[in-house]
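Source file: start.cif; contents: mmCIF, C-alpha atoms.
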```cif
data_final
loop_
_atom_site.group_PDB
_atom_site.id
_atom_site.type_symbol
_atom_site.label_atom_id
_atom_site.label_comp_id
_atom_site.auth_asym_id
_atom_site.auth_seq_id
_atom_site.Cartn_x
_atom_site.Cartn_y
_atom_site.Cartn_z
ATOM 1 C CA MET V 1 -3.582 -34.666 32.850
ATOM 2 C CA ILE V 2 -5.191 -37.466 30.825
ATOM 3 C CA GLY V 3 -4.901 -40.787 32.635
ATOM 4 C CA SER V 4 -6.683 -43.298 30.371
ATOM 5 C CA LYS V 5 -8.480 -43.728 27.063
ATOM 6 C CA GLU V 6 -11.809 -43.265 28.844
ATOM 7 C CA ASP V 7 -10.677 -39.831 30.050
ATOM 8 C CA ALA V 8 -9.606 -38.918 26.516
ATOM 9 C CA ARG V 9 -12.969 -39.978 25.082
ATOM 10 C CA GLY V 10 -14.750 -37.944 27.743
ATOM 11 C CA ILE V 11 -12.727 -34.823 26.894
ATOM 12 C CA MET V 12 -13.377 -35.280 23.166
ATOM 13 C CA ALA V 13 -17.087 -35.584 23.862
ATOM 14 C CA GLU V 14 -16.996 -32.244 25.678
ATOM 15 C CA VAL V 15 -15.056 -30.684 22.790
ATOM 16 C CA ARG V 16 -17.611 -31.939 20.243
ATOM 17 C CA THR V 17 -20.465 -30.595 22.333
ATOM 18 C CA PHE V 18 -18.853 -27.166 22.679
ATOM 19 C CA LEU V 19 -18.052 -26.910 18.955
ATOM 20 C CA ALA V 20 -21.523 -28.067 17.943
ATOM 21 C CA ASN V 21 -23.452 -25.821 20.318
ATOM 22 C CA GLY V 22 -21.192 -22.809 20.535
ATOM 23 C CA LEU V 23 -19.562 -22.568 17.099
ATOM 24 C CA LYS V 24 -21.917 -24.738 14.990
ATOM 25 C CA LEU V 25 -19.000 -26.875 13.809
ATOM 26 C CA GLU V 26 -18.677 -30.608 13.333
ATOM 27 C CA VAL V 27 -15.630 -32.670 14.318
ATOM 28 C CA SER V 28 -14.170 -35.115 11.811
ATOM 29 C CA GLU V 29 -13.920 -38.539 13.416
ATOM 30 C CA GLU V 30 -11.025 -39.589 11.189
ATOM 31 C CA LYS V 31 -8.874 -36.490 11.698
ATOM 32 C CA SER V 32 -9.633 -35.545 15.304
ATOM 33 C CA GLY V 33 -8.716 -37.174 18.574
ATOM 34 C CA ILE V 34 -6.405 -37.155 21.594
ATOM 35 C CA ARG V 35 -3.231 -39.196 21.273
ATOM 36 C CA LYS V 36 0.083 -39.587 23.042
ATOM 37 C CA ALA V 37 2.725 -37.139 21.930
ATOM 38 C CA ASP V 38 5.304 -39.848 21.222
ATOM 39 C CA GLU V 39 2.812 -41.780 19.043
ATOM 40 C CA GLY V 40 1.999 -38.717 16.976
ATOM 41 C CA ALA V 41 -0.920 -37.617 14.852
ATOM 42 C CA MET V 42 -1.476 -36.765 11.176
ATOM 43 C CA PHE V 43 -1.793 -33.106 10.195
ATOM 44 C CA LEU V 44 -1.771 -31.803 6.599
ATOM 45 C CA GLY V 45 0.106 -34.835 5.334
ATOM 46 C CA TYR V 46 2.753 -34.672 8.082
ATOM 47 C CA GLN V 47 3.128 -36.913 11.098
ATOM 48 C CA LEU V 48 3.565 -34.802 14.225
ATOM 49 C CA LYS V 49 5.223 -36.482 17.198
ATOM 50 C CA THR V 50 7.736 -35.805 19.936
ATOM 51 C CA TYR V 51 11.213 -37.233 19.834
ATOM 52 C CA GLY V 52 13.742 -37.612 22.656
ATOM 53 C CA ASP V 53 17.286 -38.860 22.312
ATOM 54 C CA GLY V 54 17.027 -40.785 25.595
ATOM 55 C CA ARG V 55 19.925 -39.038 27.325
ATOM 56 C CA THR V 56 20.287 -39.640 31.066
ATOM 57 C CA ARG V 57 22.043 -37.734 33.806
ATOM 58 C CA ARG V 58 23.293 -38.580 37.269
ATOM 59 C CA MET V 59 21.777 -36.268 39.893
ATOM 60 C CA ILE V 60 20.887 -36.026 43.580
ATOM 61 C CA LYS V 61 17.185 -36.403 44.403
ATOM 62 C CA GLY V 62 15.706 -37.045 47.820
ATOM 63 C CA GLY V 63 19.134 -37.203 49.407
ATOM 64 C CA ARG V 64 20.457 -39.968 47.165
ATOM 65 C CA ALA V 65 22.120 -40.263 43.761
ATOM 66 C CA VAL V 66 19.822 -41.408 40.965
ATOM 67 C CA THR V 67 20.011 -41.670 37.176
ATOM 68 C CA MET V 68 17.181 -39.818 35.468
ATOM 69 C CA ARG V 69 16.236 -39.307 31.843
ATOM 70 C CA LEU V 70 16.338 -35.689 30.733
ATOM 71 C CA PRO V 71 13.004 -34.191 29.628
ATOM 72 C CA GLY V 72 14.311 -33.168 26.204
ATOM 73 C CA ASP V 73 11.427 -34.274 23.976
ATOM 74 C CA ARG V 74 10.941 -32.037 20.954
ATOM 75 C CA MET V 75 8.035 -31.823 18.535
ATOM 76 C CA GLN V 76 9.017 -32.883 15.022
ATOM 77 C CA LEU V 77 7.462 -33.252 11.570
ATOM 78 C CA HIS V 78 7.950 -36.525 9.720
ATOM 79 C CA VAL V 79 6.896 -37.819 6.297
ATOM 80 C CA PRO V 80 4.592 -40.873 6.530
ATOM 81 C CA VAL V 81 5.711 -43.787 4.383
ATOM 82 C CA ASP V 82 2.138 -44.671 3.460
ATOM 83 C CA ARG V 83 1.653 -41.206 1.932
ATOM 84 C CA LEU V 84 4.746 -41.700 -0.221
ATOM 85 C CA ALA V 85 3.550 -45.172 -1.191
ATOM 86 C CA ARG V 86 0.153 -43.843 -2.289
ATOM 87 C CA PHE V 87 1.836 -41.063 -4.262
ATOM 88 C CA ALA V 88 4.067 -43.579 -6.061
ATOM 89 C CA GLU V 89 1.082 -45.793 -6.822
ATOM 90 C CA ARG V 90 -1.052 -42.889 -8.042
ATOM 91 C CA GLN V 91 1.703 -41.617 -10.342
ATOM 92 C CA ARG V 92 2.606 -45.178 -11.444
ATOM 93 C CA LEU V 93 6.226 -44.852 -10.356
ATOM 94 C CA GLY V 94 6.457 -48.317 -8.776
ATOM 95 C CA ASN V 95 6.297 -49.935 -5.353
ATOM 96 C CA ILE V 96 8.124 -48.119 -2.570
ATOM 97 C CA TYR V 97 8.051 -51.150 -0.256
ATOM 98 C CA THR V 98 9.896 -53.380 -2.750
ATOM 99 C CA ASN V 99 12.052 -50.418 -3.867
ATOM 100 C CA ARG V 100 11.377 -51.180 -7.525
ATOM 101 C CA GLY V 101 10.637 -48.420 -10.036
ATOM 102 C CA GLU V 102 8.468 -49.111 -13.068
ATOM 103 C CA ALA V 103 8.462 -47.603 -16.548
ATOM 104 C CA ARG V 104 5.471 -45.506 -17.620
ATOM 105 C CA CYS V 105 5.020 -46.910 -21.125
ATOM 106 C CA GLU V 106 2.141 -44.549 -21.906
ATOM 107 C CA LEU V 107 4.613 -41.640 -22.004
ATOM 108 C CA ILE V 108 6.933 -42.931 -24.731
ATOM 109 C CA ASN V 109 5.074 -40.893 -27.398
ATOM 110 C CA ASN V 110 6.335 -37.731 -25.687
ATOM 111 C CA SER V 111 9.735 -36.239 -26.391
ATOM 112 C CA ASP V 112 12.586 -36.832 -23.937
ATOM 113 C CA VAL V 113 12.421 -33.213 -22.777
ATOM 114 C CA ALA V 114 8.679 -33.435 -22.123
ATOM 115 C CA ILE V 115 9.123 -36.636 -20.113
ATOM 116 C CA LEU V 116 11.928 -35.140 -18.036
ATOM 117 C CA THR V 117 9.985 -31.922 -17.473
ATOM 118 C CA GLY V 118 6.970 -33.855 -16.216
ATOM 119 C CA TYR V 119 9.024 -36.093 -13.944
ATOM 120 C CA ASN V 120 10.870 -33.087 -12.510
ATOM 121 C CA ALA V 121 7.564 -31.358 -11.789
ATOM 122 C CA LEU V 122 6.275 -34.442 -9.959
ATOM 123 C CA MET V 123 9.265 -34.821 -7.670
ATOM 124 C CA ARG V 124 9.898 -31.126 -7.081
ATOM 125 C CA GLY V 125 6.290 -30.479 -6.070
ATOM 126 C CA LEU V 126 6.344 -33.231 -3.440
ATOM 127 C CA ALA V 127 9.806 -32.281 -2.139
ATOM 128 C CA GLU V 128 8.871 -28.607 -1.816
ATOM 129 C CA TYR V 129 5.862 -29.564 0.291
ATOM 130 C CA TYR V 130 7.676 -31.933 2.649
ATOM 131 C CA LYS V 131 10.851 -29.875 3.054
ATOM 132 C CA LEU V 132 9.525 -28.537 6.361
ATOM 133 C CA GLY V 133 10.024 -31.982 7.892
ATOM 134 C CA THR V 134 12.808 -32.773 10.349
ATOM 135 C CA LEU V 135 14.478 -35.569 8.368
ATOM 136 C CA TRP V 136 12.678 -34.991 5.094
ATOM 137 C CA LYS V 137 15.619 -35.756 2.778
ATOM 138 C CA ASP V 138 16.169 -39.178 4.325
ATOM 139 C CA GLU V 139 12.456 -39.982 4.228
ATOM 140 C CA VAL V 140 11.665 -38.560 0.769
ATOM 141 C CA GLY V 141 14.898 -40.101 -0.533
ATOM 142 C CA ARG V 142 13.148 -43.479 -0.786
ATOM 143 C CA LEU V 143 10.615 -42.042 -3.194
ATOM 144 C CA HIS V 144 13.307 -40.134 -5.097
ATOM 145 C CA HIS V 145 15.155 -43.413 -5.702
ATOM 146 C CA LEU V 146 11.943 -44.951 -7.028
ATOM 147 C CA TRP V 147 11.290 -41.851 -9.181
ATOM 148 C CA TRP V 148 14.826 -41.998 -10.646
ATOM 149 C CA TRP V 149 14.456 -45.600 -11.769
ATOM 150 C CA SER V 150 10.980 -44.969 -13.167
ATOM 151 C CA PHE V 151 12.257 -42.124 -15.340
ATOM 152 C CA MET V 152 15.336 -44.032 -16.516
ATOM 153 C CA LYS V 153 13.274 -47.099 -17.396
ATOM 154 C CA THR V 154 10.727 -44.971 -19.275
ATOM 155 C CA ILE V 155 13.431 -43.314 -21.400
ATOM 156 C CA SER V 156 15.146 -46.670 -21.925
ATOM 157 C CA ARG V 157 11.877 -48.258 -23.034
ATOM 158 C CA LYS V 158 11.305 -45.444 -25.512
ATOM 159 C CA HIS V 159 14.754 -45.793 -27.112
ATOM 160 C CA LYS V 160 14.871 -49.604 -26.665
ATOM 161 C CA CYS V 161 18.142 -49.635 -24.763
ATOM 162 C CA SER V 162 19.431 -50.438 -21.283
ATOM 163 C CA VAL V 163 19.316 -48.115 -18.284
ATOM 164 C CA ARG V 164 23.105 -48.064 -18.274
ATOM 165 C CA LYS V 165 23.287 -46.715 -21.828
ATOM 166 C CA THR V 166 20.586 -44.158 -21.011
ATOM 167 C CA ALA V 167 22.532 -42.933 -17.974
ATOM 168 C CA GLU V 168 25.696 -42.590 -20.064
ATOM 169 C CA ARG V 169 23.815 -40.596 -22.701
ATOM 170 C CA LEU V 170 22.294 -38.250 -20.116
ATOM 171 C CA ARG V 171 25.462 -37.708 -18.093
ATOM 172 C CA ASN V 172 26.846 -34.172 -18.107
ATOM 173 C CA GLY V 173 29.658 -33.867 -15.596
ATOM 174 C CA ASP V 174 28.304 -34.579 -12.115
ATOM 175 C CA SER V 175 24.642 -34.371 -13.142
ATOM 176 C CA LEU V 176 22.204 -36.082 -15.496
ATOM 177 C CA GLY V 177 19.946 -34.248 -17.898
ATOM 178 C CA LEU V 178 19.049 -33.414 -21.483
ATOM 179 C CA TRP V 179 20.204 -30.789 -23.945
ATOM 180 C CA TYR V 180 17.518 -29.092 -26.023
ATOM 181 C CA GLU V 181 17.267 -26.240 -28.503
ATOM 182 C CA GLY V 182 15.736 -23.215 -26.811
ATOM 183 C CA ARG V 183 14.338 -20.147 -28.482
ATOM 184 C CA HIS V 184 17.725 -18.476 -28.854
ATOM 185 C CA GLN V 185 20.356 -20.945 -27.640
ATOM 186 C CA ARG V 186 21.008 -24.527 -26.635
ATOM 187 C CA ARG V 187 20.104 -25.226 -23.019
ATOM 188 C CA PHE V 188 20.610 -28.025 -20.506
ATOM 189 C CA MET V 189 17.739 -29.379 -18.393
ATOM 190 C CA PRO V 190 19.088 -31.350 -15.382
ATOM 191 C CA MET V 191 17.297 -34.123 -13.551
ATOM 192 C CA PHE V 192 15.858 -32.981 -10.248
ATOM 193 C CA ARG V 193 17.916 -33.664 -7.121
ATOM 194 C CA LEU V 194 16.833 -33.302 -3.514
ATOM 195 C CA LYS V 195 19.856 -31.145 -2.741
ATOM 196 C CA ASP V 196 18.535 -28.578 -5.236
ATOM 197 C CA VAL V 197 15.670 -27.762 -2.827
ATOM 198 C CA ARG V 198 16.323 -24.754 -0.644
ATOM 199 C CA SER V 199 16.226 -25.499 3.062
ATOM 200 C CA THR V 200 14.213 -22.366 3.866
ATOM 201 C CA PRO V 201 10.743 -21.883 2.368
ATOM 202 C CA ALA V 202 10.782 -19.436 -0.535
ATOM 203 C CA SER V 203 7.162 -18.457 0.079
ATOM 204 C CA ALA V 204 4.172 -19.353 2.192
ATOM 205 C CA ARG V 205 2.545 -21.243 -0.697
ATOM 206 C CA VAL V 206 3.954 -24.681 0.022
ATOM 207 C CA ASP V 207 0.801 -26.566 -1.028
ATOM 208 C CA ARG V 208 0.671 -25.589 -4.673
ATOM 209 C CA GLN V 209 -0.777 -28.223 -6.983
ATOM 210 C CA THR V 210 1.688 -30.191 -9.108
ATOM 211 C CA LEU V 211 0.979 -29.562 -12.785
ATOM 212 C CA ALA V 212 3.020 -32.378 -14.292
ATOM 213 C CA HIS V 213 0.056 -33.563 -16.352
ATOM 214 C CA ILE V 214 0.380 -30.579 -18.707
ATOM 215 C CA HIS V 215 3.705 -32.027 -19.920
ATOM 216 C CA PHE V 216 2.412 -35.594 -20.258
ATOM 217 C CA ALA V 217 -1.139 -35.191 -21.549
ATOM 218 C CA GLY V 218 -1.020 -31.919 -23.514
ATOM 219 C CA ARG V 219 -1.937 -31.963 -27.192
ATOM 220 C CA ASN V 220 1.381 -30.375 -28.159
ATOM 221 C CA ASP V 221 4.809 -31.504 -27.087
ATOM 222 C CA ILE V 222 6.975 -29.036 -25.177
ATOM 223 C CA VAL V 223 9.696 -29.338 -27.830
ATOM 224 C CA ASP V 224 7.246 -28.096 -30.465
ATOM 225 C CA ARG V 225 6.571 -25.023 -28.352
ATOM 226 C CA LEU V 226 10.283 -24.418 -27.727
ATOM 227 C CA ARG V 227 11.246 -24.691 -31.398
ATOM 228 C CA ALA V 228 8.346 -22.602 -32.684
ATOM 229 C CA ARG V 229 9.995 -19.251 -33.394
ATOM 230 C CA ALA V 230 8.039 -17.805 -36.320
ATOM 231 C CA CYS V 231 4.514 -17.989 -37.731
ATOM 232 C CA GLN V 232 4.446 -20.236 -40.806
ATOM 233 C CA ALA V 233 1.576 -18.259 -42.333
ATOM 234 C CA CYS V 234 2.521 -14.582 -42.031
ATOM 235 C CA GLY V 235 6.205 -15.035 -41.142
ATOM 236 C CA THR V 236 6.064 -12.872 -38.009
ATOM 237 C CA GLU V 237 8.925 -13.583 -35.590
ATOM 238 C CA ASP V 238 9.486 -12.997 -31.872
ATOM 239 C CA VAL V 239 5.777 -13.243 -31.039
ATOM 240 C CA PRO V 240 3.893 -15.889 -29.018
ATOM 241 C CA VAL V 241 3.065 -18.742 -31.384
ATOM 242 C CA GLU V 242 0.684 -21.704 -31.182
ATOM 243 C CA VAL V 243 0.709 -25.187 -32.708
ATOM 244 C CA HIS V 244 -2.279 -25.867 -34.969
ATOM 245 C CA HIS V 245 -3.402 -29.398 -35.869
ATOM 246 C CA VAL V 246 -4.113 -29.595 -39.576
ATOM 247 C CA ARG V 247 -6.367 -32.603 -39.075
ATOM 248 C CA LYS V 248 -9.041 -32.153 -36.415
ATOM 249 C CA MET V 249 -9.055 -34.252 -33.268
ATOM 250 C CA SER V 250 -12.840 -34.613 -33.170
ATOM 251 C CA ASP V 251 -12.679 -38.101 -34.679
ATOM 252 C CA MET V 252 -10.856 -39.315 -31.538
ATOM 253 C CA ALA V 253 -13.935 -38.920 -29.340
ATOM 254 C CA GLY V 254 -14.615 -41.957 -27.195
ATOM 255 C CA THR V 255 -10.994 -43.156 -27.111
ATOM 256 C CA THR V 256 -8.664 -43.249 -24.124
ATOM 257 C CA LEU V 257 -6.624 -40.247 -23.006
ATOM 258 C CA TRP V 258 -3.274 -41.655 -24.095
ATOM 259 C CA THR V 259 -4.674 -42.648 -27.503
ATOM 260 C CA ARG V 260 -5.728 -39.040 -28.044
ATOM 261 C CA VAL V 261 -2.333 -37.783 -26.836
ATOM 262 C CA LYS V 262 -0.517 -40.089 -29.254
ATOM 263 C CA ALA V 263 -2.687 -38.945 -32.170
ATOM 264 C CA ALA V 264 -2.225 -35.277 -31.240
ATOM 265 C CA ARG V 265 1.561 -35.664 -31.052
ATOM 266 C CA THR V 266 1.932 -37.513 -34.384
ATOM 267 C CA ARG V 267 -0.566 -35.754 -36.671
ATOM 268 C CA LYS V 268 0.481 -33.036 -39.055
ATOM 269 C CA ARG V 269 0.894 -29.674 -37.332
ATOM 270 C CA THR V 270 1.726 -26.119 -38.273
ATOM 271 C CA VAL V 271 2.971 -23.188 -36.179
ATOM 272 C CA LEU V 272 0.828 -20.027 -36.272
ATOM 273 C CA CYS V 273 0.739 -16.797 -34.336
ATOM 274 C CA HIS V 274 -2.368 -16.141 -32.274
ATOM 275 C CA ASP V 275 -4.051 -13.859 -34.835
ATOM 276 C CA CYS V 276 -3.417 -16.290 -37.708
ATOM 277 C CA HIS V 277 -4.599 -19.197 -35.563
ATOM 278 C CA VAL V 278 -7.877 -17.452 -34.761
ATOM 279 C CA ALA V 279 -8.331 -16.446 -38.403
ATOM 280 C CA HIS V 280 -7.646 -20.015 -39.562
ATOM 281 C CA HIS V 281 -10.356 -21.469 -37.339
ATOM 282 C CA ALA V 282 -12.746 -18.750 -38.524
ATOM 283 C CA GLY V 283 -11.974 -19.522 -42.174
ATOM 284 C CA ARG V 284 -10.451 -16.078 -42.804
ATOM 285 C CA LEU V 285 -6.730 -16.865 -42.847
ATOM 286 C CA GLN V 286 -6.264 -16.178 -46.574
ATOM 287 C CA GLU V 287 -8.208 -12.953 -46.220
ATOM 288 C CA ARG V 288 -5.897 -11.875 -43.388
ATOM 289 C CA LEU V 289 -2.778 -12.708 -45.436
ATOM 290 C CA ASP V 290 -4.127 -10.773 -48.465
ATOM 291 C CA ARG V 291 -4.692 -7.704 -46.308
ATOM 292 C CA MET V 292 -1.131 -7.962 -44.967
ATOM 293 C CA VAL V 293 0.263 -8.114 -48.501
ATOM 294 C CA GLN V 294 -1.752 -5.100 -49.660
ATOM 295 C CA ALA V 295 -0.647 -3.103 -46.618
#
```
Whole structure, structure tokens version:
Amino acid sequence: MIGSKEDARGIMAEVRTFLANGLKLEVSEEKSGIRKADEGAMFLGYQLKTYGDGRTRRMIKGGRAVTMRLPGDRMQLHVPVDRLARFAERQRLGNIYTNRGEARCELINNSDVAILTGYNALMRGLAEYYKLGTLWKDEVGRLHHLWWWSFMKTISRKHKCSVRKTAERLRNGDSLGLWYEGRHQRRFMPMFRLKDVRSTPASARVDRQTLAHIHFAGRNDIVDRLRARACQACGTEDVPVEVHHVRKMSDMAGTTLWTRVKAARTRKRTVLCHDCHVAHHAGRLQERLDRMVQA
């Protein structure tokens, strides 16, 4: 049993020596140590600590009645607030301590569907990782509130209206979301909610990287890819198509990322199948079309 901090430091010194000499491993000073169970320690983004509800019971000990606390401490996983705060700052969602979401003005050149898709990917990725926590919905709920206001303010800034009008426009029954034209029918994309996350892990891969940037910083908007149903050169339908920029993007070298994204989203584009796209870049598109006509 560890009695003091000096005893803990002595044990850690023995552990470092054994790992260095026996296993040729080094111990990270920031991530390794001996701490009290009720204070907890950080592990893979979680805070591990024991929790007891403090229940007491009247019992007989040593021939007399005493009140003793029950040893019911349980190990739990909790979501650190500082991790959520750094995530909100890194994704420019706002300040979690002041509970104030901020608009991401650099995204207003995207379509509404692309913005919602990216925001959903951000929040779903973090919620899927922390859903193993004991009270994860209560703890992640602070960030979800910040995320909700950030999205609503971004859409409102794009359409130059209030958050109230934006919420009314997005409301569909008990949920909020956007309608968009899919490949074959009109579909509804709802805003992400924490209650949509399954309580049991669907797979062991809970640390998958969030790929929200492909919706925000891609050269082609997601709506362009959803509406592209036929090649504009050869007329082929029901095949994978690609969006080709008529004017090259090479003249945007040296500019910022969001300047390039804005130029890519607003320049003239045409939808081509993969074969026509490759032939166009090789300068043989007309030759390919002539062969198709002769065949």
**OP:** Counting all atoms listed in the file, write as a ChimeraX atom specification all protein and nucleic acid residues lying at most 8 Å from (11.1, -50.4, -14.6) in the file's frame.
**Re:** /V:94,100-103,149-150,152-154
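With all atoms listed in the file as the basis for measurement, V:Val79 is the residue among V:Tyr46, V:Ser175, V:Leu93, V:Val79 that approaches Gly141 of chain V most closely.
Using only C-alpha atoms, the nearest neighbour of Leu84 of chain V within the list V:Arg16, V:Arg142, V:Arg9, V:Arg288 is V:Arg142.
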**OP:** I would like the residues chosen by the PyMOL selection byres ((chain V and resi 126) around 12) on the shown file; could you give them as a ChimeraX atom specification?
**Re:** /V:45,79,83-84,87-88,91,119-125,127-133,136-137,139-141,143-144,147,192,194,197,206-212
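Atom pair atom CA of Gly173 of chain V / atom CA of His145 of chain V: separated by 20.0 Å.
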Original post:
Which residues, written as a PyMOL selection string, have at least one atom at most 7 Å from Trp179 of chain V, with all atoms listed in the file counted and residues fewer than 5 positions away on the same chain left out?
Top reply: chain V and resi 186-189
Going by the chain IDs and residue numbers used in this file, which residues fall under the PyMOL selection byres ((chain V and resi 105) around 9)? Write them as a short mmCIF file (atom, residue, chain, number, x, y, z; two decimals) with C-alpha atoms, in the coordinates of the input.
```
data_model
loop_
_atom_site.label_atom_id
_atom_site.label_comp_id
_atom_site.auth_asym_id
_atom_site.auth_seq_id
_atom_site.Cartn_x
_atom_site.Cartn_y
_atom_site.Cartn_z
CA ALA V 103 8.46 -47.60 -16.55
CA ARG V 104 5.47 -45.51 -17.62
CA GLU V 106 2.14 -44.55 -21.91
CA LEU V 107 4.61 -41.64 -22.00
CA ILE V 108 6.93 -42.93 -24.73
CA ASN V 109 5.07 -40.89 -27.40
CA THR V 154 10.73 -44.97 -19.27
CA ARG V 157 11.88 -48.26 -23.03
CA LYS V 158 11.30 -45.44 -25.51
#
```
Original post:
Can you tell me how far atom CA of Val241 of chain V sits from atom CA of Leu272 of chain V, in Å to one decimal?
Top reply: 5.5 Å
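Distance-wise, atom CA of Ser199 of chain V and atom CA of Gln76 of chain V end up 15.8 Å apart.
For the residues V:Gly33, V:Val261, V:Arg55, V:Thr67, ranking by smallest atom-to-atom distance to Asn110 of chain V using all atoms listed in the file places V:Val261 first.
Proximity to Leu135 of chain V was assessed for V:Thr17, V:Ser162, V:Thr270, V:Gln47 counting all atoms listed in the file; the smallest distance is recorded for V:Gln47.
Using all atoms listed in the file for every distance, the candidate list V:Arg198, V:Leu146, V:Ser111, V:Thr56 yields V:Leu146 as the residue closest to Ala85 of chain V.
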